[in-house]
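Q: Got a file for you: query39.pdb, PDB, C-alpha atoms, pLDDT in the B column.
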```
ATOM      1  CA  MET A  13       9.260  -2.575  18.704  1.00 37.00           C
ATOM      2  CA  TYR A  14       7.457  -5.201  16.692  1.00 36.00           C
ATOM      3  CA  ILE A  15       4.154  -5.679  14.893  1.00 43.00           C
ATOM      4  CA  ASN A  16       2.385  -8.946  15.472  1.00 42.00           C
ATOM      5  CA  ILE A  17       1.068 -10.914  12.512  1.00 46.00           C
ATOM      6  CA  GLN A  18      -1.152 -13.930  12.858  1.00 42.00           C
ATOM      7  CA  VAL A  19      -0.284 -16.940  10.737  1.00 43.00           C
ATOM      8  CA  LYS A  20      -2.323 -20.135  10.823  1.00 44.00           C
ATOM      9  CA  ASN A  21      -0.377 -23.122  12.062  1.00 42.00           C
ATOM     10  CA  ARG A  22      -0.881 -26.695  10.866  1.00 42.00           C
ATOM     11  CA  MET A  23      -3.521 -27.359  13.501  1.00 41.00           C
ATOM     12  CA  GLY A  24      -5.652 -24.389  12.434  1.00 42.00           C
ATOM     13  CA  GLY A  25      -4.669 -22.182  15.368  1.00 40.00           C
ATOM     14  CA  ALA A  26      -2.990 -18.823  14.958  1.00 44.00           C
ATOM     15  CA  ASN A  27       0.624 -18.115  15.887  1.00 46.00           C
ATOM     16  CA  MET A  28       1.771 -14.538  16.491  1.00 46.00           C
ATOM     17  CA  TYR A  29       5.012 -13.492  14.822  1.00 52.00           C
ATOM     18  CA  PRO A  30       6.646 -10.158  15.633  1.00 57.00           C
ATOM     19  CA  ILE A  31       7.356  -7.870  12.671  1.00 63.00           C
ATOM     20  CA  PRO A  32       9.987  -5.180  13.352  1.00 77.00           C
ATOM     21  CA  TRP A  33       9.426  -1.480  12.771  1.00 81.00           C
ATOM     22  CA  TYR A  34      11.939  -1.420   9.901  1.00 88.00           C
ATOM     23  CA  ALA A  35       9.715  -3.806   7.927  1.00 84.00           C
ATOM     24  CA  ILE A  36       6.925  -1.239   8.207  1.00 82.00           C
ATOM     25  CA  ILE A  37       9.253   1.437   6.859  1.00 88.00           C
ATOM     26  CA  LEU A  38      10.734  -0.645   4.043  1.00 92.00           C
ATOM     27  CA  ILE A  39       7.418  -2.156   2.932  1.00 92.00           C
ATOM     28  CA  GLY A  40       4.646   0.163   4.151  1.00 89.00           C
ATOM     29  CA  LEU A  41       6.022   3.529   3.085  1.00 94.00           C
ATOM     30  CA  PRO A  42       6.899   2.618  -0.530  1.00 96.00           C
ATOM     31  CA  SER A  43       3.663   0.670  -0.836  1.00 95.00           C
ATOM     32  CA  ASN A  44       1.533   3.606   0.290  1.00 96.00           C
ATOM     33  CA  PHE A  45       3.499   6.067  -1.848  1.00 97.00           C
ATOM     34  CA  LEU A  46       2.943   3.896  -4.940  1.00 98.00           C
ATOM     35  CA  THR A  47      -0.733   3.404  -4.077  1.00 97.00           C
ATOM     36  CA  ILE A  48      -1.287   7.168  -4.048  1.00 98.00           C
ATOM     37  CA  SER A  49       0.910   7.745  -7.102  1.00 98.00           C
ATOM     38  CA  ILE A  50      -0.676   5.095  -9.327  1.00 98.00           C
ATOM     39  CA  GLY A  51      -4.247   5.978  -8.349  1.00 98.00           C
ATOM     40  CA  ALA A  52      -3.703   9.701  -8.845  1.00 97.00           C
ATOM     41  CA  ARG A  53      -1.969   9.251 -12.188  1.00 98.00           C
ATOM     42  CA  LEU A  54      -4.672   6.936 -13.563  1.00 98.00           C
ATOM     43  CA  PHE A  55      -7.330   9.501 -12.595  1.00 97.00           C
ATOM     44  CA  ASN A  56      -5.269  12.436 -13.936  1.00 96.00           C
ATOM     45  CA  ILE A  57      -4.994  14.078 -10.523  1.00 96.00           C
ATOM     46  CA  ASN A  58      -1.851  16.064  -9.783  1.00 94.00           C
ATOM     47  CA  ILE A  59      -0.480  15.500  -6.289  1.00 96.00           C
ATOM     48  CA  SER A  60       3.025  16.747  -5.555  1.00 97.00           C
ATOM     49  CA  ILE A  61       5.731  14.301  -4.554  1.00 97.00           C
ATOM     50  CA  GLN A  62       6.130  16.157  -1.253  1.00 98.00           C
ATOM     51  CA  LYS A  63       2.464  15.639  -0.376  1.00 97.00           C
ATOM     52  CA  ARG A  64       2.641  11.951  -1.338  1.00 97.00           C
ATOM     53  CA  VAL A  65       5.717  11.508   0.866  1.00 97.00           C
ATOM     54  CA  ILE A  66       4.112  13.339   3.806  1.00 97.00           C
ATOM     55  CA  ILE A  67       0.948  11.232   3.556  1.00 97.00           C
ATOM     56  CA  SER A  68       3.005   8.022   3.308  1.00 96.00           C
ATOM     57  CA  ILE A  69       5.034   8.917   6.398  1.00 95.00           C
ATOM     58  CA  ILE A  70       1.934   9.792   8.425  1.00 95.00           C
ATOM     59  CA  ILE A  71       0.273   6.532   7.364  1.00 93.00           C
ATOM     60  CA  GLY A  72       3.476   4.646   8.264  1.00 89.00           C
ATOM     61  CA  ILE A  73       3.325   6.134  11.763  1.00 88.00           C
ATOM     62  CA  LEU A  74      -0.359   5.233  11.961  1.00 86.00           C
ATOM     63  CA  LEU A  75       0.441   1.667  10.869  1.00 80.00           C
ATOM     64  CA  TYR A  76       3.037   1.423  13.606  1.00 78.00           C
ATOM     65  CA  PHE A  77       0.589   2.449  16.318  1.00 77.00           C
ATOM     66  CA  THR A  78      -2.291   0.300  15.016  1.00 74.00           C
ATOM     67  CA  ARG A  79      -0.171  -2.806  14.612  1.00 68.00           C
ATOM     68  CA  HIS A  80      -2.178  -4.823  17.096  1.00 68.00           C
ATOM     69  CA  LEU A  81      -5.358  -4.807  15.010  1.00 65.00           C
ATOM     70  CA  THR A  82      -5.538  -8.428  13.972  1.00 60.00           C
ATOM     71  CA  ILE A  83      -9.068  -8.630  12.614  1.00 70.00           C
ATOM     72  CA  PRO A  84      -8.649  -9.814   8.995  1.00 65.00           C
ATOM     73  CA  GLY A  85      -9.407  -7.019   6.552  1.00 71.00           C
ATOM     74  CA  LEU A  86      -9.740  -4.332   9.213  1.00 77.00           C
ATOM     75  CA  ASN A  87      -6.177  -3.085   8.669  1.00 77.00           C
ATOM     76  CA  SER A  88      -6.797  -2.691   4.932  1.00 82.00           C
ATOM     77  CA  ILE A  89     -10.099  -0.892   5.392  1.00 87.00           C
ATOM     78  CA  ALA A  90      -8.613   1.419   8.041  1.00 84.00           C
ATOM     79  CA  LEU A  91      -5.615   2.074   5.789  1.00 87.00           C
ATOM     80  CA  ILE A  92      -7.810   2.991   2.802  1.00 93.00           C
ATOM     81  CA  ILE A  93     -10.063   5.281   4.839  1.00 94.00           C
ATOM     82  CA  SER A  94      -7.246   7.014   6.728  1.00 94.00           C
ATOM     83  CA  THR A  95      -5.178   7.514   3.561  1.00 96.00           C
ATOM     84  CA  ALA A  96      -8.201   8.945   1.718  1.00 97.00           C
ATOM     85  CA  LEU A  97      -8.922  11.330   4.612  1.00 97.00           C
ATOM     86  CA  LEU A  98      -5.305  12.467   4.759  1.00 97.00           C
ATOM     87  CA  LEU A  99      -5.227  12.901   0.987  1.00 97.00           C
ATOM     88  CA  ARG A 100      -8.372  15.016   1.217  1.00 96.00           C
ATOM     89  CA  ILE A 101      -6.931  17.174   3.995  1.00 96.00           C
ATOM     90  CA  ILE A 102      -3.395  17.589   2.659  1.00 96.00           C
ATOM     91  CA  SER A 103      -4.162  17.851  -1.075  1.00 94.00           C
ATOM     92  CA  ARG A 104      -7.519  19.591  -0.625  1.00 92.00           C
ATOM     93  CA  LEU A 105      -9.246  17.148  -2.946  1.00 92.00           C
ATOM     94  CA  THR A 106     -12.903  16.337  -2.553  1.00 93.00           C
ATOM     95  CA  LEU A 107     -13.446  13.270  -0.402  1.00 94.00           C
ATOM     96  CA  TRP A 108     -14.848  11.174  -3.246  1.00 94.00           C
ATOM     97  CA  LYS A 109     -11.833  11.942  -5.464  1.00 95.00           C
ATOM     98  CA  ALA A 110      -9.440  11.057  -2.653  1.00 96.00           C
ATOM     99  CA  PHE A 111     -11.318   7.839  -1.878  1.00 97.00           C
ATOM    100  CA  LEU A 112     -11.484   6.723  -5.525  1.00 97.00           C
ATOM    101  CA  THR A 113      -7.792   7.506  -5.984  1.00 97.00           C
ATOM    102  CA  ILE A 114      -6.756   5.413  -2.999  1.00 98.00           C
ATOM    103  CA  VAL A 115      -9.064   2.502  -3.823  1.00 98.00           C
ATOM    104  CA  LEU A 116      -7.817   2.305  -7.428  1.00 98.00           C
ATOM    105  CA  GLY A 117      -4.171   2.502  -6.359  1.00 98.00           C
ATOM    106  CA  PHE A 118      -4.778  -0.090  -3.645  1.00 97.00           C
ATOM    107  CA  VAL A 119      -6.428  -2.514  -6.095  1.00 97.00           C
ATOM    108  CA  VAL A 120      -3.669  -2.117  -8.699  1.00 98.00           C
ATOM    109  CA  LEU A 121      -0.942  -2.615  -6.091  1.00 97.00           C
ATOM    110  CA  ALA A 122      -2.775  -5.604  -4.586  1.00 95.00           C
ATOM    111  CA  ILE A 123      -2.949  -7.271  -8.006  1.00 97.00           C
ATOM    112  CA  ILE A 124       0.761  -6.645  -8.614  1.00 98.00           C
ATOM    113  CA  GLU A 125       1.651  -7.925  -5.145  1.00 95.00           C
ATOM    114  CA  THR A 126      -0.458 -11.057  -5.581  1.00 95.00           C
ATOM    115  CA  LEU A 127       1.143 -11.864  -8.925  1.00 97.00           C
ATOM    116  CA  CYS A 128       4.673 -11.188  -7.687  1.00 96.00           C
ATOM    117  CA  ASN A 129       4.134 -13.164  -4.478  1.00 93.00           C
ATOM    118  CA  SER A 130       2.781 -16.126  -6.437  1.00 94.00           C
ATOM    119  CA  ILE A 131       5.900 -16.214  -8.583  1.00 95.00           C
ATOM    120  CA  ILE A 132       8.341 -15.598  -5.701  1.00 94.00           C
ATOM    121  CA  PHE A 133       6.631 -18.141  -3.444  1.00 93.00           C
ATOM    122  CA  SER A 134       6.746 -20.782  -6.182  1.00 94.00           C
ATOM    123  CA  LEU A 135      10.358 -20.123  -7.156  1.00 95.00           C
ATOM    124  CA  PHE A 136      11.755 -20.050  -3.619  1.00 91.00           C
ATOM    125  CA  HIS A 137       9.252 -22.357  -1.873  1.00 91.00           C
ATOM    126  CA  LEU A 138       8.145 -19.647   0.549  1.00 89.00           C
ATOM    127  CA  ASN A 139       4.938 -19.222   2.506  1.00 86.00           C
ATOM    128  CA  PHE A 140       3.487 -16.519   4.727  1.00 80.00           C
ATOM    129  CA  GLY A 141       4.733 -18.284   7.849  1.00 81.00           C
ATOM    130  CA  ILE A 142       8.339 -17.984   6.673  1.00 84.00           C
ATOM    131  CA  LEU A 143       7.829 -14.325   5.744  1.00 80.00           C
ATOM    132  CA  ALA A 144       6.313 -13.519   9.128  1.00 77.00           C
ATOM    133  CA  ALA A 145       9.046 -15.356  11.028  1.00 80.00           C
ATOM    134  CA  ARG A 146      11.912 -13.841   9.002  1.00 85.00           C
ATOM    135  CA  PRO A 147      11.337 -10.116   8.342  1.00 86.00           C
ATOM    136  CA  TRP A 148      14.305  -9.671   5.987  1.00 90.00           C
ATOM    137  CA  ILE A 149      12.985 -12.391   3.691  1.00 90.00           C
ATOM    138  CA  ASN A 150       9.643 -10.574   3.768  1.00 87.00           C
ATOM    139  CA  ILE A 151      11.353  -7.315   2.784  1.00 92.00           C
ATOM    140  CA  LEU A 152      13.378  -8.989   0.017  1.00 94.00           C
ATOM    141  CA  SER A 153      10.290 -10.749  -1.335  1.00 92.00           C
ATOM    142  CA  PHE A 154       8.555  -7.354  -1.563  1.00 94.00           C
ATOM    143  CA  LEU A 155      11.267  -5.902  -3.829  1.00 96.00           C
ATOM    144  CA  PRO A 156       9.777  -7.370  -7.052  1.00 97.00           C
ATOM    145  CA  THR A 157       6.423  -5.804  -6.159  1.00 97.00           C
ATOM    146  CA  ILE A 158       8.054  -2.404  -5.688  1.00 97.00           C
ATOM    147  CA  ALA A 159       9.980  -2.818  -8.937  1.00 98.00           C
ATOM    148  CA  VAL A 160       6.929  -3.844 -11.002  1.00 98.00           C
ATOM    149  CA  ALA A 161       4.706  -1.146  -9.442  1.00 98.00           C
ATOM    150  CA  SER A 162       7.378   1.515 -10.049  1.00 98.00           C
ATOM    151  CA  LEU A 163       7.770   0.366 -13.633  1.00 98.00           C
ATOM    152  CA  LEU A 164       3.995   0.459 -14.097  1.00 98.00           C
ATOM    153  CA  TYR A 165       3.837   3.981 -12.659  1.00 98.00           C
ATOM    154  CA  TRP A 166       6.649   5.086 -14.968  1.00 98.00           C
ATOM    155  CA  LEU A 167       4.869   3.580 -17.996  1.00 98.00           C
ATOM    156  CA  ILE A 168       1.548   5.160 -17.036  1.00 98.00           C
ATOM    157  CA  SER A 169       3.240   8.550 -16.662  1.00 97.00           C
ATOM    158  CA  ARG A 170       5.352   8.204 -19.799  1.00 97.00           C
ATOM    159  CA  LYS A 171       2.465   7.100 -22.028  1.00 97.00           C
ATOM    160  CA  ASN A 172       0.024   9.454 -20.272  1.00 96.00           C
ATOM    161  CA  VAL A 173      -2.445   6.639 -19.574  1.00 97.00           C
ATOM    162  CA  ILE A 174      -5.629   7.916 -17.952  1.00 96.00           C
ATOM    163  CA  LEU A 175      -8.318   5.509 -16.841  1.00 96.00           C
ATOM    164  CA  TYR A 176     -10.823   8.273 -16.162  1.00 96.00           C
ATOM    165  CA  ASN A 177     -10.209  12.022 -16.029  1.00 95.00           C
ATOM    166  CA  LEU A 178     -11.346  13.113 -12.566  1.00 93.00           C
ATOM    167  CA  SER A 179      -9.600  16.457 -12.973  1.00 89.00           C
ATOM    168  CA  GLN A 180     -12.518  17.596 -15.126  1.00 88.00           C
ATOM    169  CA  TYR A 181     -14.597  17.826 -11.955  1.00 84.00           C
ATOM    170  CA  GLU A 182     -14.268  20.329  -9.130  1.00 72.00           C
ATOM    171  CA  ASP A 183     -10.624  20.048  -8.108  1.00 61.00           C
ATOM    172  CA  HIS A 184     -10.585  21.254  -4.550  1.00 50.00           C
ATOM    173  CA  ALA A 185     -12.835  20.863  -1.585  1.00 46.00           C
ATOM    174  CA  LYS A 186     -14.518  24.014  -0.375  1.00 46.00           C
TER     175      LYS A 186
END
```
The structure given in the file should be rewritten as structure tokens.

A:
Amino acid sequence: MYINIQVKNRMGGANMYPIPWYAIILIGLPSNFLTISIGARLFNINISIQKRVIISIIIGILLYFTRHLTIPGLNSIALIISTALLLRIISRLTLWKAFLTIVLGFVVLAIIETLCNSIIFSLFHLNFGILAARPWINILSFLPTIAVASLLYWLISRKNVILYNLSQYEDHAK
């Protein structure tokens, strides 16, 4: 079972590269878990680890079954909306709190991933075509992103950094 990723070839056309299911698990699940964790922590929202894991697994399954969506940006928008809805349902947060939490976590993780990828791509002369064609290189190149995002989450938690305290508002949906 593979996911197809489009990568532009030299002539401007798109080539489809299969991405195996284990790449979804090893990249998608930790990424979604950290997205929820960072966003919730920065907004001072308490979400149990069990709920974050459950949401990440459900989103991983959803990613697997929606792998053929190749419209640029559509996967990200669908991921944000579906994660926010699941967060609302499972954690009983209001929809706007869930949405803001996911968007903030997504933006922070996207910035970290962009910075890490820039460094890794420069150091090892990689490009997205190589990552799509060789899933294990893709997984290995994601490890610095996971490490930096985990370190950031730990620092945010340790220093009790709060961007904005959303817990001061109504905590649970009615």

Q: Might you spell out which residues the PyMOL selection byres ((chain A and resi 146-158) around 8) would select in the displayed file, as a ChimeraX atom specification?

A: /A:31-32,35,38-39,42-43,124-125,128-129,132,142-145,159-162

Q: Need to verify the contact set: region 106-120 of chain A, 8 Å, all atoms listed in the file, exclusion of same-chain residues closer than 5 positions in sequence. Can you return it as a list in words?

A: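 Close residues of region 106-120 of chain A: Leu46, Thr47, Ile48, Ser49, Ile50, Gly51, Ala52, Phe55, Ile92, Ile93, Thr95, Ala96, Leu97, Leu99, Arg100, Leu178, Glu182, Asp183, His184 and Ala185 of chain A.
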
Q: Need the shell around Ile102 (chain A): protein/DNA/RNA residues with any atom at most 10 Å away, counting only C-alpha atoms. Skip same-chain ones fewer than 6 positions apart. Format as an mmCIF file with C-alpha atoms, in the frame of the given file?

A:
```
data_model
loop_
_atom_site.group_PDB
_atom_site.id
_atom_site.type_symbol
_atom_site.label_atom_id
_atom_site.label_comp_id
_atom_site.auth_asym_id
_atom_site.auth_seq_id
_atom_site.Cartn_x
_atom_site.Cartn_y
_atom_site.Cartn_z
ATOM 1 C CA ILE A 59 -0.480 15.500 -6.289
ATOM 2 C CA LYS A 63 2.464 15.639 -0.376
ATOM 3 C CA ARG A 64 2.641 11.951 -1.338
ATOM 4 C CA ILE A 66 4.112 13.339 3.806
ATOM 5 C CA ILE A 67 0.948 11.232 3.556
ATOM 6 C CA ALA A 96 -8.201 8.945 1.718
#
```
